[in-house]
Amino acid sequence: MYLLEELRVLAGPETPGAASGVGLVEDLRDVAGQPPGAVLVLTGAASRDAAGYRLDVALRDAAAAGVAALVLTAPAEIGRSAAALAERGGVALLAAEGDLAALVVAIDRAIAGDASDALVRATEAAEGVLRAGGVPERIAQEASAALGVEVRAEGTAFSADEPGGHLGRATGIVLRLSALAAAAGPADELPGRSRAQLLTELLVAPEKQAQELAPRARALGLPVDEWHIVLRLEPVMDEGPERYALLETVAPRAARAVREIVGSSWNGALAGDALVVVRTQPRDQGRAGLREAIRDAGRLLDRVRPAGAELRCGVSTAHQGLLGLRTSASEARTALRRSPLPLATYDLAGLDRMLEEWYSSDTAQQAVRELLQPILDLGGDRPGHLLGILRAYLDHHGSPARAAEEMHMHRNAVSRNIRRIETLLQADLDDPQQRLALQLACRAARI
C-alpha cells in the first residue's frame with residue numbers, strides 16, 4: 001500500500017502489505033474478525049484506549065485476521081511488547097493527525113488508485129527524483145517510495161511493472177522524468193560546498209553570530225528551521241597532520257555516500273577535528289527516525305572508512321531549529337566521549353539532555369568557564385584531573401572515601417585536592433547553592 005505523507009510508521013513493517021480496503025474502528029474489540037488486508041483507522045477514543053496490554057491484544061487480533069495496518073489518531077506510547085508483536089505479526093502500526101474523515105477518504109483513494117491519488121503520488125515522486133541529486137539508485141528509491149510501485153534503475157534508464165489505470169499513467173511520467181534527471185548527472189557541487197562552509201560556521205560561531213547567519217543559510221537551501229539529527233565522524237588517532245589529512249580524504253567520500261545512501265536532505269561539513277553530517281526532516285520522526293539515522297550511520301561508516309584507518313561515529317537525538325542543530329552537534333560529540341563503541345548513540349537520560357540543551361547556549365558556556373576558570377588556567381592535564389576529583393566528590397555527597405574509590409586514589413589525596421580546589425575557586429563546598437552550581441558546571445564541562 002502507498003503510504004500517505006500524513007502517516008508515520010511507529011512499529012512493524014515500514015511498508016505495509018497489500019491493502020484490500022479501509023475501515024474505521026471505534027471499539028478495539030472490533031479489530032478481531034476484520035477482513036484480510038484491511039487498513040484500520042482507530043478513532044481518537046479507540047486510540048487512547050490502545051495503551052499497554054490493550055494495544056498488545058489489538059495487535060494480536062489484527063495479526064490473526066491478516067490486517068495490513070492499524071492507524072492511531074491520538075498520541076500513544078508504544079512499548080517493547082507492542083513493537084515486537086507488530087513486527088512479528090506483519091502489522092504496520094501507524095500514526096496520523098488531522099481530520100479523521102479526510103484521512104479515511106485519502107487512504108481509501110490511495111488503495112483504490114483514483115486519479116487524485118495518482119496525481120499526489122506523481123507529485124511526491126517528482127520531488128523525490130529532484131532530491132536524489134542525479135544518482136540513479138537514489139532516483140529509483142525515491143520514485144518507488146512515492147509511487148508505491150517498484151522502480152528499477154539500469155544505468156540512466158528506468159523501468160517498472162506499470163499497474164495500469166491512472167497510477168500506470170503517473171508511473172510512466174515519473175519514469176521519463178527519472179531518465180532525464182539521471183542523464184543530467186549529479187547536481188553541481190559548488191552549492192554543496194557553499195552549504196558545507198556555512199554549516200561549519202553555524203556550528204562553531206558564537207550563538208549571536210550563528211543567528212545572524214540563519215537567513216543566508218535558508219537562501220542557500222539549508223533547512224535550518226526543521227528537525228536535525230547529527231552524525232559526528234572522528235578518526236581514532238591523536239590530533240595532528242595525519243588526523244586532518246584523513247578527514248580531508250573522508251569528507252568528499254562522505255558527500256558522495258550520503259547522496260547515494262540517503263539523498264540530498266543530508267548535509268556535511270568539516271567542523272574542527274571531525275566530520276559532521278546533518279540529517280534534516282520536516283518533522284520529528286521520534287524513535288523510528290533515530291533508528292533509521294543509526295542504521296544509515298553504520299552504512300556511512302562502512303562506505304567512507306579508508307583502508308587501514310579507524311573511524312568512530314556519534315549519533316545525536318533530534319532537535320528543531322538553529323539552536324537545536326547546535327545542541328544535536330554537541331550531543332553527537334558527547335556520545336563519542338562517553339562510549340568506546342565505533343557507533344555511539346547519545347544517552348537519552350533526562351538530566352544529561354537538559355544539561356546538553358542548557359550548555360549549548362553561549363551564556364551557559366560563559367557562566368561555566370567563569371566559575372571554573374581558576375582551574376582551567378592551570379594548563380596541561382591538571383584541569384581535567386582536578387575537575388574529575390571535584391565531580392566525583394560532589395556526586396558522592398561530599399564523601400572522600402567514595403570519591404577516592406571512583407578515582408582510584410587514596411582518600412587523603414582526595415581530601416587534599418578538595419581543599420586545594422576550594423582555595424582556587426574561593427568556594428565553600430558546605431554551601432548547598434555553591435555545591436549545586438559546581439556540580440552542574442563539572443557535568444557540563446564533560447559535554
# chains A, B, ... in the order shown; residues from 1 in each chain; ligands from 1
>>> select_by_dssp(residues="range 303-406 of chain A", states="alpha helix (DSSP H)", output="PyMOL selection string")
chain A and resi 303-304+321-338+350-359+362-376+382-395+400-406
>>> residues_around(residues="range 338-342 of chain A", least_positions_apart="2", cutoff="8 Å", atoms="only C-alpha atoms", output="PDB file with N, CA and C atoms, in the first residue's frame")
ATOM      1  N   LEU A 311      37.533   4.773  12.102  1.00  0.00           N
ATOM      2  CA  LEU A 311      36.639   5.913  12.310  1.00  0.00           C
ATOM      3  C   LEU A 311      35.590   5.524  13.334  1.00  0.00           C
ATOM      4  N   ARG A 312      35.170   6.507  14.125  1.00  0.00           N
ATOM      5  CA  ARG A 312      34.042   6.321  15.043  1.00  0.00           C
ATOM      6  C   ARG A 312      32.965   7.336  14.695  1.00  0.00           C
ATOM      7  N   CYS A 313      31.724   6.991  15.045  1.00  0.00           N
ATOM      8  CA  CYS A 313      30.611   7.874  14.720  1.00  0.00           C
ATOM      9  C   CYS A 313      29.699   8.025  15.930  1.00  0.00           C
ATOM     10  N   THR A 334      29.285  14.354  22.565  1.00  0.00           N
ATOM     11  CA  THR A 334      29.205  13.730  23.881  1.00  0.00           C
ATOM     12  C   THR A 334      29.064  12.218  23.762  1.00  0.00           C
ATOM     13  N   ALA A 335      28.298  11.757  22.803  1.00  0.00           N
ATOM     14  CA  ALA A 335      28.126  10.309  22.611  1.00  0.00           C
ATOM     15  C   ALA A 335      29.477   9.624  22.397  1.00  0.00           C
ATOM     16  N   LEU A 336      30.355  10.251  21.609  1.00  0.00           N
ATOM     17  CA  LEU A 336      31.676   9.670  21.361  1.00  0.00           C
ATOM     18  C   LEU A 336      32.556   9.708  22.606  1.00  0.00           C
ATOM     19  N   ALA A 344      28.346   5.168  18.403  1.00  0.00           N
ATOM     20  CA  ALA A 344      27.851   5.539  19.727  1.00  0.00           C
ATOM     21  C   ALA A 344      26.628   6.432  19.593  1.00  0.00           C
TER      22      ALA A 344
END
>>> residues_around(residues="Pro400 in chain A", least_positions_apart="3", cutoff="12 Å", atoms="only C-alpha atoms", output="number ranges by chain")
A: 389-397, 403-419
>>> atom_distance(atom1="CA of Ala115 in chain A", atom2="CA of Glu150 in chain A")
19.4 Å
>>> closest_residue(among="A:Ala257, A:Arg295, A:Glu226, A:Ala274", to="Arg243 in chain A", atoms="only C-alpha atoms")
A:Ala274
>>> closest_atom_pairs(of="range 28-67 of chain A", to="range 94-106 of chain A", cutoff="10 Å", atoms="only C-alpha atoms", output="JSON lines")
{"residue": "A:Val39", "atom": "CA", "partner": "A:Val104", "partner_atom": "CA", "distance": 9.5}
{"residue": "A:Leu40", "atom": "CA", "partner": "A:Val104", "partner_atom": "CA", "distance": 9.2}
{"residue": "A:Val41", "atom": "CA", "partner": "A:Val104", "partner_atom": "CA", "distance": 7.2}
{"residue": "A:Leu42", "atom": "CA", "partner": "A:Leu100", "partner_atom": "CA", "distance": 9.2}
{"residue": "A:Thr43", "atom": "CA", "partner": "A:Leu100", "partner_atom": "CA", "distance": 7.5}
{"residue": "A:Gly44", "atom": "CA", "partner": "A:Leu100", "partner_atom": "CA", "distance": 8.7}
{"residue": "A:Ser47", "atom": "CA", "partner": "A:Ala95", "partner_atom": "CA", "distance": 9.7}
>>> residues_around(residues="Gln34 in chain A", least_positions_apart="6", cutoff="12 Å", atoms="only C-alpha atoms", output="ChimeraX atom specification")
/A:20-25,28,40,58,61-70
>>> select_by_dssp(residues="range 174-411 of chain A", states="strand (DSSP E)", output="MDAnalysis selection string")
chainID A and resid 227:235 266:271 274:281 311:315 319:320 343:345
>>> atom_distance(atom1="CA of Leu147 in chain A", atom2="CA of Ala122 in chain A")
6.7 Å
>>> residues_around(residues="Asp273 in chain A", least_positions_apart="4", cutoff="12 Å", atoms="only C-alpha atoms", output="list in words")
Thr200, Val204, Arg232, Leu233, Glu234, Pro235, Val236, Met237, Asp238, Glu239, Gly240, Pro241, Glu242, Arg243, Tyr244, Ala245, Leu246, Leu247, Glu248, Ala251, Ala269 and Arg333 of chain A
>>> atom_distance(atom1="CA of Pro383 in chain A", atom2="CA of Gln439 in chain A")
15.1 Å
>>> residues_around(residues="Tyr346 in chain A", least_positions_apart="2", cutoff="12 Å", atoms="only C-alpha atoms", output="compact mmCIF listing (two decimals) with N, CA and C atoms, in the first residue's frame")
# COMPACT_ATOMS: atom_id res chain seq x y z
N ILE A 229 19.18 15.60 13.14
CA ILE A 229 19.99 14.61 13.85
C ILE A 229 21.40 14.73 13.29
N VAL A 230 22.40 14.77 14.16
CA VAL A 230 23.78 14.97 13.73
C VAL A 230 24.58 13.69 13.92
N LEU A 231 25.35 13.34 12.88
CA LEU A 231 26.35 12.27 12.97
C LEU A 231 27.72 12.94 13.00
N ARG A 232 28.53 12.55 13.95
CA ARG A 232 29.89 13.11 14.07
C ARG A 232 30.89 11.98 13.85
N LEU A 290 15.21 8.01 14.73
CA LEU A 290 16.53 7.80 15.33
C LEU A 290 17.09 6.44 14.92
N ILE A 294 20.60 5.83 12.90
CA ILE A 294 21.66 4.93 13.37
C ILE A 294 22.00 3.90 12.31
N CYS A 313 31.72 6.99 15.04
CA CYS A 313 30.61 7.87 14.72
C CYS A 313 29.70 8.03 15.93
N GLY A 314 29.40 9.28 16.29
CA GLY A 314 28.44 9.57 17.34
C GLY A 314 27.14 10.07 16.74
N VAL A 315 26.01 9.62 17.27
CA VAL A 315 24.69 9.96 16.74
C VAL A 315 23.89 10.68 17.82
N SER A 316 23.36 11.86 17.48
CA SER A 316 22.58 12.65 18.43
C SER A 316 21.12 12.24 18.39
N THR A 317 20.33 12.86 19.26
CA THR A 317 18.87 12.80 19.12
C THR A 317 18.42 13.98 18.26
N ALA A 318 17.13 14.08 18.01
CA ALA A 318 16.60 15.12 17.12
C ALA A 318 16.25 16.39 17.89
N THR A 327 22.68 22.02 19.45
CA THR A 327 22.52 21.05 20.53
C THR A 327 22.78 19.63 20.03
N SER A 328 22.25 19.30 18.87
CA SER A 328 22.47 17.96 18.30
C SER A 328 23.95 17.72 18.04
N ALA A 329 24.65 18.74 17.54
CA ALA A 329 26.09 18.59 17.31
C ALA A 329 26.83 18.32 18.61
N SER A 330 26.41 18.99 19.67
CA SER A 330 27.02 18.77 20.99
C SER A 330 26.72 17.37 21.50
N GLU A 331 25.49 16.89 21.29
CA GLU A 331 25.12 15.54 21.72
C GLU A 331 25.95 14.47 21.01
N ALA A 332 26.16 14.65 19.71
CA ALA A 332 26.94 13.66 18.94
C ALA A 332 28.37 13.60 19.48
N ARG A 333 28.94 14.76 19.81
CA ARG A 333 30.29 14.79 20.38
C ARG A 333 30.31 14.10 21.75
N THR A 334 29.29 14.35 22.56
CA THR A 334 29.20 13.73 23.88
C THR A 334 29.06 12.22 23.76
N ALA A 335 28.30 11.76 22.80
CA ALA A 335 28.13 10.31 22.61
C ALA A 335 29.48 9.62 22.40
N LEU A 336 30.36 10.25 21.61
CA LEU A 336 31.68 9.67 21.36
C LEU A 336 32.56 9.71 22.61
N ARG A 337 32.43 10.76 23.39
CA ARG A 337 33.27 10.87 24.59
C ARG A 337 32.87 9.86 25.65
N ARG A 338 31.61 9.48 25.67
CA ARG A 338 31.12 8.63 26.76
C ARG A 338 31.02 7.16 26.40
N SER A 339 31.29 6.81 25.15
CA SER A 339 31.19 5.41 24.75
C SER A 339 32.41 5.01 23.92
N LEU A 341 32.38 2.53 21.81
CA LEU A 341 31.91 1.79 20.65
C LEU A 341 32.19 2.55 19.35
N LEU A 343 30.18 2.90 16.91
CA LEU A 343 28.94 3.64 16.62
C LEU A 343 28.26 3.92 17.95
N ALA A 344 28.35 5.17 18.40
CA ALA A 344 27.85 5.54 19.73
C ALA A 344 26.63 6.43 19.59
N LEU A 348 19.75 9.07 26.35
CA LEU A 348 18.52 9.86 26.44
C LEU A 348 18.15 10.21 27.88
N ALA A 349 19.06 9.97 28.85
CA ALA A 349 18.74 10.28 30.25
C ALA A 349 18.32 11.74 30.38
N GLY A 350 17.29 11.98 31.19
CA GLY A 350 16.72 13.32 31.25
C GLY A 350 17.69 14.40 31.68
N ASP A 352 21.03 14.50 31.59
CA ASP A 352 22.05 14.75 30.57
C ASP A 352 21.48 15.57 29.43
N ARG A 353 20.25 15.28 29.03
CA ARG A 353 19.68 16.00 27.90
C ARG A 353 19.38 17.46 28.28
N GLU A 356 22.62 19.24 28.28
CA GLU A 356 23.11 19.44 26.91
C GLU A 356 22.44 20.67 26.28
N ILE A 447 30.68 17.76 28.62
CA ILE A 447 29.88 17.66 27.39
C ILE A 447 30.71 18.11 26.20
>>> residues_around(residues="Arg176 in chain A", least_positions_apart="4", cutoff="9 Å", atoms="only C-alpha atoms", output="compact mmCIF listing (two decimals) with all heavy atoms, in the first residue's frame")
# COMPACT_ATOMS: atom_id res chain seq x y z
N ALA A 157 18.52 4.43 -17.44
CA ALA A 157 17.19 4.01 -17.88
C ALA A 157 16.42 3.45 -16.68
O ALA A 157 17.02 2.87 -15.77
CB ALA A 157 17.29 2.96 -18.98
N PHE A 158 15.11 3.60 -16.70
CA PHE A 158 14.29 3.16 -15.58
C PHE A 158 13.10 2.37 -16.10
O PHE A 158 12.56 2.66 -17.18
CB PHE A 158 13.79 4.37 -14.77
CG PHE A 158 14.90 5.14 -14.11
CD1 PHE A 158 15.61 6.09 -14.82
CD2 PHE A 158 15.26 4.87 -12.81
CE1 PHE A 158 16.65 6.79 -14.24
CE2 PHE A 158 16.31 5.56 -12.21
CZ PHE A 158 17.00 6.52 -12.92
N THR A 171 2.97 6.59 -13.30
CA THR A 171 4.26 5.89 -13.25
C THR A 171 5.06 6.15 -14.53
O THR A 171 6.28 6.38 -14.48
CB THR A 171 4.04 4.38 -13.05
OG1 THR A 171 3.33 4.17 -11.83
CG2 THR A 171 5.36 3.64 -13.01
N GLY A 172 4.39 6.12 -15.67
CA GLY A 172 5.09 6.37 -16.93
C GLY A 172 5.70 7.76 -16.97
O GLY A 172 6.84 7.94 -17.44
N LEU A 180 15.49 11.61 -17.42
CA LEU A 180 16.05 12.93 -17.68
C LEU A 180 16.94 13.39 -16.53
O LEU A 180 18.03 13.94 -16.75
CB LEU A 180 14.92 13.95 -17.89
CG LEU A 180 14.12 13.81 -19.19
CD1 LEU A 180 12.92 14.75 -19.17
CD2 LEU A 180 15.00 14.13 -20.40
N ALA A 181 16.52 13.14 -15.29
CA ALA A 181 17.31 13.56 -14.12
C ALA A 181 18.61 12.78 -14.05
O ALA A 181 19.67 13.35 -13.73
CB ALA A 181 16.49 13.34 -12.85
